[in-house]
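Asks: My structure is stored as start_31.cif, with mmCIF, C-alpha atoms.
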data_upload
#
loop_
_atom_site.label_atom_id
_atom_site.label_comp_id
_atom_site.auth_asym_id
_atom_site.auth_seq_id
_atom_site.Cartn_x
_atom_site.Cartn_y
_atom_site.Cartn_z
CA PRO D 1 12.67 42.40 -31.54
CA PHE D 2 10.55 42.11 -34.64
CA GLN D 3 9.80 45.39 -36.49
CA GLY D 4 6.65 45.54 -38.57
CA PRO D 5 6.15 47.42 -41.86
CA CYS D 6 6.56 51.14 -41.95
CA LEU D 7 3.69 53.28 -43.20
CA ARG D 8 4.57 56.67 -44.61
CA THR D 9 2.16 59.50 -45.12
CA GLU D 10 3.80 62.57 -46.53
CA SER D 11 6.56 63.35 -44.05
CA CYS D 12 5.25 61.23 -41.13
CA ALA D 13 6.51 57.67 -40.34
CA TYR D 14 4.83 55.07 -38.12
CA SER D 15 6.25 51.77 -36.78
CA ASP D 16 5.38 49.02 -34.31
CA GLN D 17 7.41 46.37 -32.48
CA VAL D 18 6.50 42.89 -31.20
CA VAL D 19 8.82 40.88 -28.92
CA ILE D 20 9.07 37.18 -29.79
CA THR D 21 10.39 34.90 -27.05
CA LEU D 22 11.92 31.57 -28.12
CA HIS D 23 12.02 28.80 -25.52
CA GLY D 24 14.63 26.12 -25.72
CA ASP D 25 13.68 22.45 -25.77
CA PRO D 26 13.72 20.80 -22.34
CA ILE D 27 16.78 18.80 -21.39
CA VAL D 28 15.57 15.22 -21.31
CA SER D 29 17.34 12.02 -20.30
CA ALA D 30 16.09 8.43 -20.62
CA GLY D 31 18.73 7.21 -18.17
CA ALA D 32 21.39 4.57 -18.69
CA ASN D 33 20.85 1.53 -20.88
CA GLN D 34 19.18 -1.35 -19.05
CA THR D 35 19.17 -5.13 -19.09
CA ALA D 36 16.18 -7.39 -18.53
CA CYS D 37 16.34 -11.14 -18.01
CA THR D 38 13.97 -13.36 -19.98
CA GLY D 39 10.86 -14.19 -18.05
CA SER D 40 11.28 -11.28 -15.63
CA GLY D 41 7.80 -9.85 -16.24
CA ALA D 42 7.23 -6.10 -15.94
CA VAL D 43 10.59 -4.32 -15.69
CA GLN D 44 10.70 -0.78 -14.31
CA LEU D 45 12.55 1.65 -16.57
CA THR D 46 14.74 3.91 -14.46
CA GLY D 47 16.83 7.06 -14.66
CA ALA D 48 14.46 9.21 -16.75
CA SER D 49 14.26 12.96 -16.13
CA PRO D 50 12.39 15.21 -15.81
CA ALA D 51 9.60 13.19 -14.25
CA ASN D 52 6.11 12.80 -15.74
CA GLY D 53 7.24 12.02 -19.28
CA LEU D 54 5.95 9.21 -21.48
CA TRP D 55 7.77 6.11 -22.71
CA THR D 56 7.45 4.96 -26.28
CA GLY D 57 8.74 2.05 -28.31
CA PRO D 58 8.41 -1.73 -28.60
CA GLN D 59 7.44 -3.86 -25.59
CA ILE D 60 6.43 -0.84 -23.47
CA LEU D 61 3.69 -2.01 -21.10
CA SER D 62 2.87 1.37 -19.57
CA ALA D 63 3.82 4.67 -21.20
CA SER D 64 3.24 6.72 -18.07
CA GLY D 65 4.33 4.07 -15.57
CA GLY D 66 7.53 3.28 -17.44
CA THR D 67 7.35 -0.52 -17.47
CA PHE D 68 8.92 -2.79 -20.09
CA ASN D 69 7.94 -6.34 -21.02
CA GLY D 70 10.69 -8.55 -19.59
CA ASN D 71 9.03 -11.57 -21.22
CA ALA D 72 9.97 -10.26 -24.65
CA PRO D 73 12.22 -12.41 -26.89
CA GLN D 74 15.96 -11.99 -26.47
CA GLY D 75 17.38 -8.96 -28.26
CA THR D 76 18.00 -5.22 -28.06
CA TYR D 77 15.03 -2.84 -27.95
CA VAL D 78 15.24 0.94 -28.45
CA VAL D 79 12.78 2.83 -26.26
CA GLY D 80 12.15 6.55 -26.12
CA TYR D 81 11.31 8.94 -23.31
CA ALA D 82 9.32 12.03 -24.32
CA TYR D 83 8.75 15.03 -22.08
CA THR D 84 6.73 18.21 -22.62
CA ASP D 85 7.44 21.28 -20.50
CA PRO D 86 4.06 22.36 -19.03
CA LEU D 87 5.19 26.03 -18.90
CA THR D 88 6.48 26.40 -22.43
CA GLY D 89 4.81 23.55 -24.32
CA CYS D 90 8.18 22.61 -25.79
CA SER D 91 9.00 18.93 -25.94
CA ALA D 92 11.95 16.63 -26.57
CA THR D 93 12.53 12.89 -26.83
CA THR D 94 15.62 10.87 -26.02
CA TYR D 95 16.35 7.14 -26.35
CA LYS D 96 18.13 4.23 -24.72
CA ASN D 97 18.58 0.49 -25.23
CA VAL D 98 16.94 -2.28 -23.25
CA VAL D 99 18.70 -5.61 -23.76
CA VAL D 100 16.74 -8.77 -23.00
CA SER D 101 19.21 -11.48 -22.05
CA ALA D 102 18.78 -15.22 -21.49
CA ILE D 103 18.88 -16.62 -17.97
CA PRO D 104 21.75 -19.11 -17.45
CA ASN D 105 21.14 -22.76 -16.69
CA ALA D 106 22.58 -23.67 -13.27
CA SER D 107 23.43 -27.29 -12.45
CA PHE D 108 26.11 -29.35 -10.72
CA ALA D 109 26.88 -32.90 -9.67
CA ALA D 110 27.97 -33.87 -6.15
CA PRO D 111 28.06 -37.02 -4.01
CA ALA D 112 25.11 -37.62 -1.73
CA PHE D 113 27.46 -38.09 1.25
CA ALA D 114 30.56 -36.36 2.54
CA CYS D 115 32.92 -37.43 5.30
CA THR D 116 34.07 -34.86 7.82
CA GLY D 117 37.72 -34.14 7.38
CA ASN D 118 37.66 -35.19 3.71
CA VAL D 119 37.42 -32.71 0.83
CA LEU D 120 34.13 -32.74 -1.09
CA ASN D 121 34.39 -31.81 -4.78
CA THR D 122 31.47 -30.66 -6.92
CA THR D 123 31.37 -30.65 -10.73
CA ASN D 124 29.79 -27.61 -12.37
CA GLN D 125 27.42 -28.53 -15.21
CA SER D 126 25.98 -25.05 -15.83
CA SER D 127 25.70 -23.33 -19.20
CA GLY D 128 25.29 -19.74 -20.35
CA ALA D 129 27.08 -18.30 -17.31
CA SER D 130 30.38 -16.52 -16.76
CA SER D 131 30.71 -16.49 -12.96
CA TYR D 132 29.70 -18.79 -10.13
CA THR D 133 29.14 -18.61 -6.38
CA TRP D 134 28.97 -21.65 -4.07
CA ASN D 135 27.19 -21.72 -0.71
CA PHE D 136 27.81 -24.94 1.21
CA GLY D 137 25.02 -24.31 3.71
CA ASP D 138 26.92 -24.40 7.00
CA GLY D 139 27.38 -20.66 7.48
CA SER D 140 30.85 -20.51 5.96
CA PRO D 141 31.76 -17.75 3.46
CA VAL D 142 30.67 -18.37 -0.12
CA GLN D 143 33.21 -19.46 -2.73
CA ASN D 144 33.68 -17.83 -6.12
CA ALA D 145 34.91 -20.61 -8.38
CA THR D 146 33.83 -22.65 -11.38
CA ASN D 147 33.88 -25.92 -9.43
CA GLY D 148 33.28 -26.15 -5.69
CA SER D 149 35.62 -27.76 -3.20
CA TYR D 150 34.84 -27.91 0.50
CA LEU D 151 35.72 -29.71 3.73
CA TYR D 152 32.90 -30.10 6.26
CA SER D 153 34.09 -29.96 9.86
CA GLN D 154 30.83 -31.18 11.37
CA SER D 155 28.29 -33.83 10.56
CA GLY D 156 24.70 -33.07 9.55
CA SER D 157 22.46 -32.39 6.58
CA PHE D 158 23.40 -29.36 4.48
CA GLN D 159 22.14 -27.75 1.29
CA ILE D 160 24.67 -26.79 -1.36
CA THR D 161 23.52 -23.90 -3.57
CA LEU D 162 25.19 -22.83 -6.81
CA THR D 163 24.41 -19.36 -8.21
CA ALA D 164 25.33 -18.94 -11.88
CA SER D 165 25.49 -15.43 -13.41
CA ASN D 166 26.10 -14.09 -16.90
CA THR D 167 27.63 -10.79 -18.03
CA ALA D 168 24.17 -9.23 -18.31
CA GLY D 169 23.56 -9.77 -14.59
CA CYS D 170 20.98 -12.53 -15.04
CA THR D 171 21.26 -15.31 -12.46
CA ALA D 172 19.97 -18.82 -11.80
CA GLN D 173 20.33 -21.14 -8.81
CA PHE D 174 20.55 -24.89 -8.31
CA SER D 175 20.55 -26.66 -4.93
CA GLN D 176 21.27 -30.16 -3.70
CA ASN D 177 21.13 -31.62 -0.20
CA ILE D 178 24.14 -33.50 1.12
CA LEU D 179 24.67 -35.53 4.28
CA SER D 180 27.96 -34.97 6.06
CA VAL D 181 28.86 -37.89 8.32
CA ALA D 182 31.68 -38.27 10.81
CA SER D 183 34.65 -40.14 9.42
CA PRO D 184 34.95 -43.61 11.00
CA ALA D 185 37.76 -44.49 13.35
CA ALA D 186 39.15 -47.98 12.71
CA ALA D 187 40.37 -49.91 15.76
CA MET D 188 40.63 -53.55 16.84
CA GLN D 189 41.90 -55.76 19.62
CA LEU D 190 43.39 -59.26 19.24
CA SER D 191 43.03 -62.05 21.76
CA VAL D 192 46.73 -62.87 21.28
CA ASN D 193 49.36 -61.36 19.07
CA GLU D 194 52.04 -64.04 19.28
CA GLY D 195 52.34 -67.75 19.87
CA CYS D 196 53.22 -71.07 18.30
CA ALA D 197 51.60 -72.37 15.15
CA PRO D 198 48.90 -73.25 14.71
CA LEU D 199 47.82 -70.06 16.47
CA GLU D 200 44.15 -69.26 16.92
CA VAL D 201 43.34 -65.56 17.10
CA ASP D 202 40.04 -63.89 17.93
CA CYS D 203 39.50 -60.32 16.71
CA MET D 204 37.38 -57.71 18.46
CA ASN D 205 36.16 -54.80 16.36
CA LEU D 206 36.50 -51.50 18.29
CA SER D 207 35.82 -49.21 15.31
CA GLN D 208 33.53 -46.23 15.75
CA GLY D 209 31.21 -44.58 13.25
CA ASP D 210 27.72 -44.70 11.77
CA ASN D 211 26.58 -47.43 9.39
CA LEU D 212 30.00 -49.05 9.26
CA THR D 213 31.07 -51.68 6.77
CA CYS D 214 34.31 -53.47 7.46
CA LEU D 215 36.92 -55.41 5.54
CA TRP D 216 39.40 -57.55 7.41
CA ASP D 217 42.61 -58.65 5.71
CA PHE D 218 44.40 -61.48 7.52
CA GLN D 219 46.81 -62.12 4.63
CA ILE D 220 45.68 -65.74 4.73
CA ALA D 221 42.02 -64.68 4.19
CA GLN D 222 39.64 -61.73 4.07
CA SER D 223 36.34 -61.10 5.81
CA SER D 224 33.62 -58.43 5.59
CA ASP D 225 31.98 -59.47 8.86
CA HIS D 226 31.79 -56.87 11.58
CA THR D 227 33.35 -59.40 13.95
CA PRO D 228 35.14 -62.12 12.01
CA ALA D 229 35.39 -65.77 12.99
CA THR D 230 38.42 -67.12 14.79
CA GLN D 231 41.43 -67.17 12.51
CA THR D 232 44.03 -69.96 12.61
CA PHE D 233 47.55 -69.04 11.54
CA LEU D 234 49.77 -71.94 10.44
CA GLU D 235 53.52 -72.00 10.09
CA LEU D 236 54.93 -69.67 7.48
#
Could you spell out this file's structure in structure tokens?
Replies:
Amino acid sequence: PFQGPCLRTESCAYSDQVVITLHGDPIVSAGANQTACTGSGAVQLTGASPANGLWTGPQILSASGGTFNGNAPQGTYVVGYAYTDPLTGCSATTYKNVVVSAIPNASFAAPAFACTGNVLNTTNQSSGASSYTWNFGDGSPVQNATNGSYLYSQSGSFQITLTASNTAGCTAQFSQNILSVASPAAAMQLSVNEGCAPLEVDCMNLSQGDNLTCLWDFQIAQSSDHTPATQTFLEL
């Protein structure tokens, strides 16, 4: 208690007391530090308490709404959260960092075709990323690897998608369509497979597959015809 001055008149004393109440500052938190990715637009600032405070600092779009400009240049921004207790009028401000990080560049190279039963390899050409996820578009589990490697078990058109992420949590995607075709089955039938020279042999192509190209090797000659001409084998 506060005791005022004492007035004395002869042998009488008078005094008065006034009680002063001191209120503590409110406990205020701006929440954990946050990351924004370049070009992300209005970013909601989270974790502040108590509610109904005001945000201050660079790149704040709305003091009451708590939005930050995610289109700001790369860098670290210190923002403050101020709160005033409506009952006591006491206020406090606390701060946190908002880091604006670059978005990685996602890219890869892959063949336009893949053969079922043969491994398809992709070459990662991304930059600014630290982790990668591959989705080969056929419902199989994603792969976490720098370069993708996959074996299609069925033919069809599929979209390969690479997701590149950096340590700040910013991501980018790149996709490419690929056509998986059934591997051809090579087979043939000869009109004769033994005889006296000169021996004429006709070859029947029994291979199966789509859009086939063939190469025949008769040792004495080669042919790229689907069904080659009659071959004559002379004495060795």
Asks: Nearest to D:Asn97 among D:Ser64, D:Ser140, D:Thr35, D:Thr163, with distances taken over only C-alpha atoms: which residue is it?
Replies: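 Using only C-alpha atoms, the shortest distance to D:Asn97 belongs to D:Thr35.
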Asks: Would you pick out the contacts of stretch 126-134 of chain D at 7 Å or less, using all atoms listed in the file, so that residues sharing its chain but fewer than 6 positions from it are not included, and give the list as a ChimeraX atom specification?
Replies: /D:104-108,142-146,148,161-167
Asks: Quick check on the file I pasted: which residues fall under the PyMOL selection byres ((chain D and resi 121) around 7)? Write them as an mmCIF file with C-alpha atoms, in the coordinates of the input.
Replies:
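Listed below is the output, selection03.cif:
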data_model
loop_
_atom_site.group_PDB
_atom_site.id
_atom_site.type_symbol
_atom_site.label_atom_id
_atom_site.label_comp_id
_atom_site.auth_asym_id
_atom_site.auth_seq_id
_atom_site.Cartn_x
_atom_site.Cartn_y
_atom_site.Cartn_z
ATOM 1 C CA ALA D 110 27.970 -33.870 -6.150
ATOM 2 C CA VAL D 119 37.420 -32.710 0.830
ATOM 3 C CA LEU D 120 34.130 -32.740 -1.090
ATOM 4 C CA THR D 122 31.470 -30.660 -6.920
ATOM 5 C CA THR D 123 31.370 -30.650 -10.730
ATOM 6 C CA GLY D 148 33.280 -26.150 -5.690
ATOM 7 C CA SER D 149 35.620 -27.760 -3.200
ATOM 8 C CA TYR D 150 34.840 -27.910 0.500
#
Asks: D:Glu200: which residues within 10 Å, counting only C-alpha atoms, same-chain residues fewer than 6 positions away excluded, as a PyMOL selection string?
Replies: chain D and resi 191-194+230-234
Asks: How far is it from atom CA of D:Gln154 to atom CA of D:Pro111, in Å with one decimal?
Replies: 16.7 Å
Asks: Quick one: residues within 9 Å of D:Ala102, all atoms listed in the file, excluding same-chain residues fewer than 3 positions away - as a PyMOL selection string?
Replies: chain D and resi 36-39+73-74+128+166+168+170
Asks: Running the PyMOL selection byres ((chain D and resi 188) around 7) on this model by hand, what would come out? Give it as a PyMOL selection string.
Replies: chain D and resi 187+189-190+203-207
Asks: Selection in question (the file shown): the PyMOL selection byres ((chain D and resi 210) around 12). Which residues does it include, as a PyMOL selection string?
Replies: chain D and resi 115+155+180-186+207-209+211-214
Asks: Tell me, as a list in words, which residues lie within 12 Å of D:Leu22, counting all atoms listed in the file; anything in the same chain fewer than 2 positions away does not count.
Replies: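 After dropping sequence-adjacent residues, the list is Pro1, Val19, Ile20, Gly24, Asp25, Thr88, Gly89 and Cys90 of chain D.
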Asks: For D:Leu61, find every residue with an atom within 12 Å (counting all atoms listed in the file), except residues of its own chain fewer than 2 positions away, and show them as a ChimeraX atom specification.
Replies: /D:41-45,54-59,63-72,79
Asks: Just give me the gap between atom CA of D:Ala82 and atom CA of D:Gln34 in Å, one decimal is fine.
Replies: 17.4 Å
Asks: Kindly give the distance, in Å, that separates atom CA of D:Ala112 and atom CA of D:Thr171, rounded to a single decimal.
Replies: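 One can read the atom CA of D:Ala112 to atom CA of D:Thr171 distance as 25.1 Å.
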Asks: Determine the nearest neighbour of D:Ile160 from the options D:Pro141, D:Phe136, D:Thr76, D:Leu179, counting only C-alpha atoms.
Replies: D:Phe136
Asks: D:Gln125, D:Ser40, D:Thr116, D:Ser15: which is nearest D:Ser157, counting only C-alpha atoms?
Replies: D:Thr116
Asks: Counting all atoms listed in the file, write as number ranges by chain all protein and nucleic acid residues lying at most 12 Å from (13.5, 11.3, -21.5) in the file's frame.
Replies: D: 25-32, 45-56, 63-64, 66, 79-85, 91-96
Asks: Write out, as a compact mmCIF listing (two decimals), keeping the file's coordinate frame, the residues just selected, with C-alpha atoms.
Replies:
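This went into part.txt:
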# COMPACT_ATOMS: atom_id res chain seq x y z
CA ASP D 25 13.68 22.45 -25.77
CA PRO D 26 13.72 20.80 -22.34
CA ILE D 27 16.78 18.80 -21.39
CA VAL D 28 15.57 15.22 -21.31
CA SER D 29 17.34 12.02 -20.30
CA ALA D 30 16.09 8.43 -20.62
CA GLY D 31 18.73 7.21 -18.17
CA ALA D 32 21.39 4.57 -18.69
CA LEU D 45 12.55 1.65 -16.57
CA THR D 46 14.74 3.91 -14.46
CA GLY D 47 16.83 7.06 -14.66
CA ALA D 48 14.46 9.21 -16.75
CA SER D 49 14.26 12.96 -16.13
CA PRO D 50 12.39 15.21 -15.81
CA ALA D 51 9.60 13.19 -14.25
CA ASN D 52 6.11 12.80 -15.74
CA GLY D 53 7.24 12.02 -19.28
CA LEU D 54 5.95 9.21 -21.48
CA TRP D 55 7.77 6.11 -22.71
CA THR D 56 7.45 4.96 -26.28
CA ALA D 63 3.82 4.67 -21.20
CA SER D 64 3.24 6.72 -18.07
CA GLY D 66 7.53 3.28 -17.44
CA VAL D 79 12.78 2.83 -26.26
CA GLY D 80 12.15 6.55 -26.12
CA TYR D 81 11.31 8.94 -23.31
CA ALA D 82 9.32 12.03 -24.32
CA TYR D 83 8.75 15.03 -22.08
CA THR D 84 6.73 18.21 -22.62
CA ASP D 85 7.44 21.28 -20.50
CA SER D 91 9.00 18.93 -25.94
CA ALA D 92 11.95 16.63 -26.57
CA THR D 93 12.53 12.89 -26.83
CA THR D 94 15.62 10.87 -26.02
CA TYR D 95 16.35 7.14 -26.35
CA LYS D 96 18.13 4.23 -24.72
Asks: Taking only C-alpha atoms into account, which of D:Tyr14, D:Ser224, D:Asn124, D:Val201 comes nearest D:Ala109?
Replies: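 Selected residue with least distance to D:Ala109: D:Asn124.
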Asks: Any chance you could work out the axis-aligned box around stretch 114-130 of chain D, listed atoms only, 8 Å on each side, giving centre and edge lengths in Å to one decimal, as lines of an AutoDock Vina configuration file?
Replies:
center_x = 31.5
center_y = -27.0
center_z = -6.3
size_x = 28.4
size_y = 36.9
size_z = 44.2
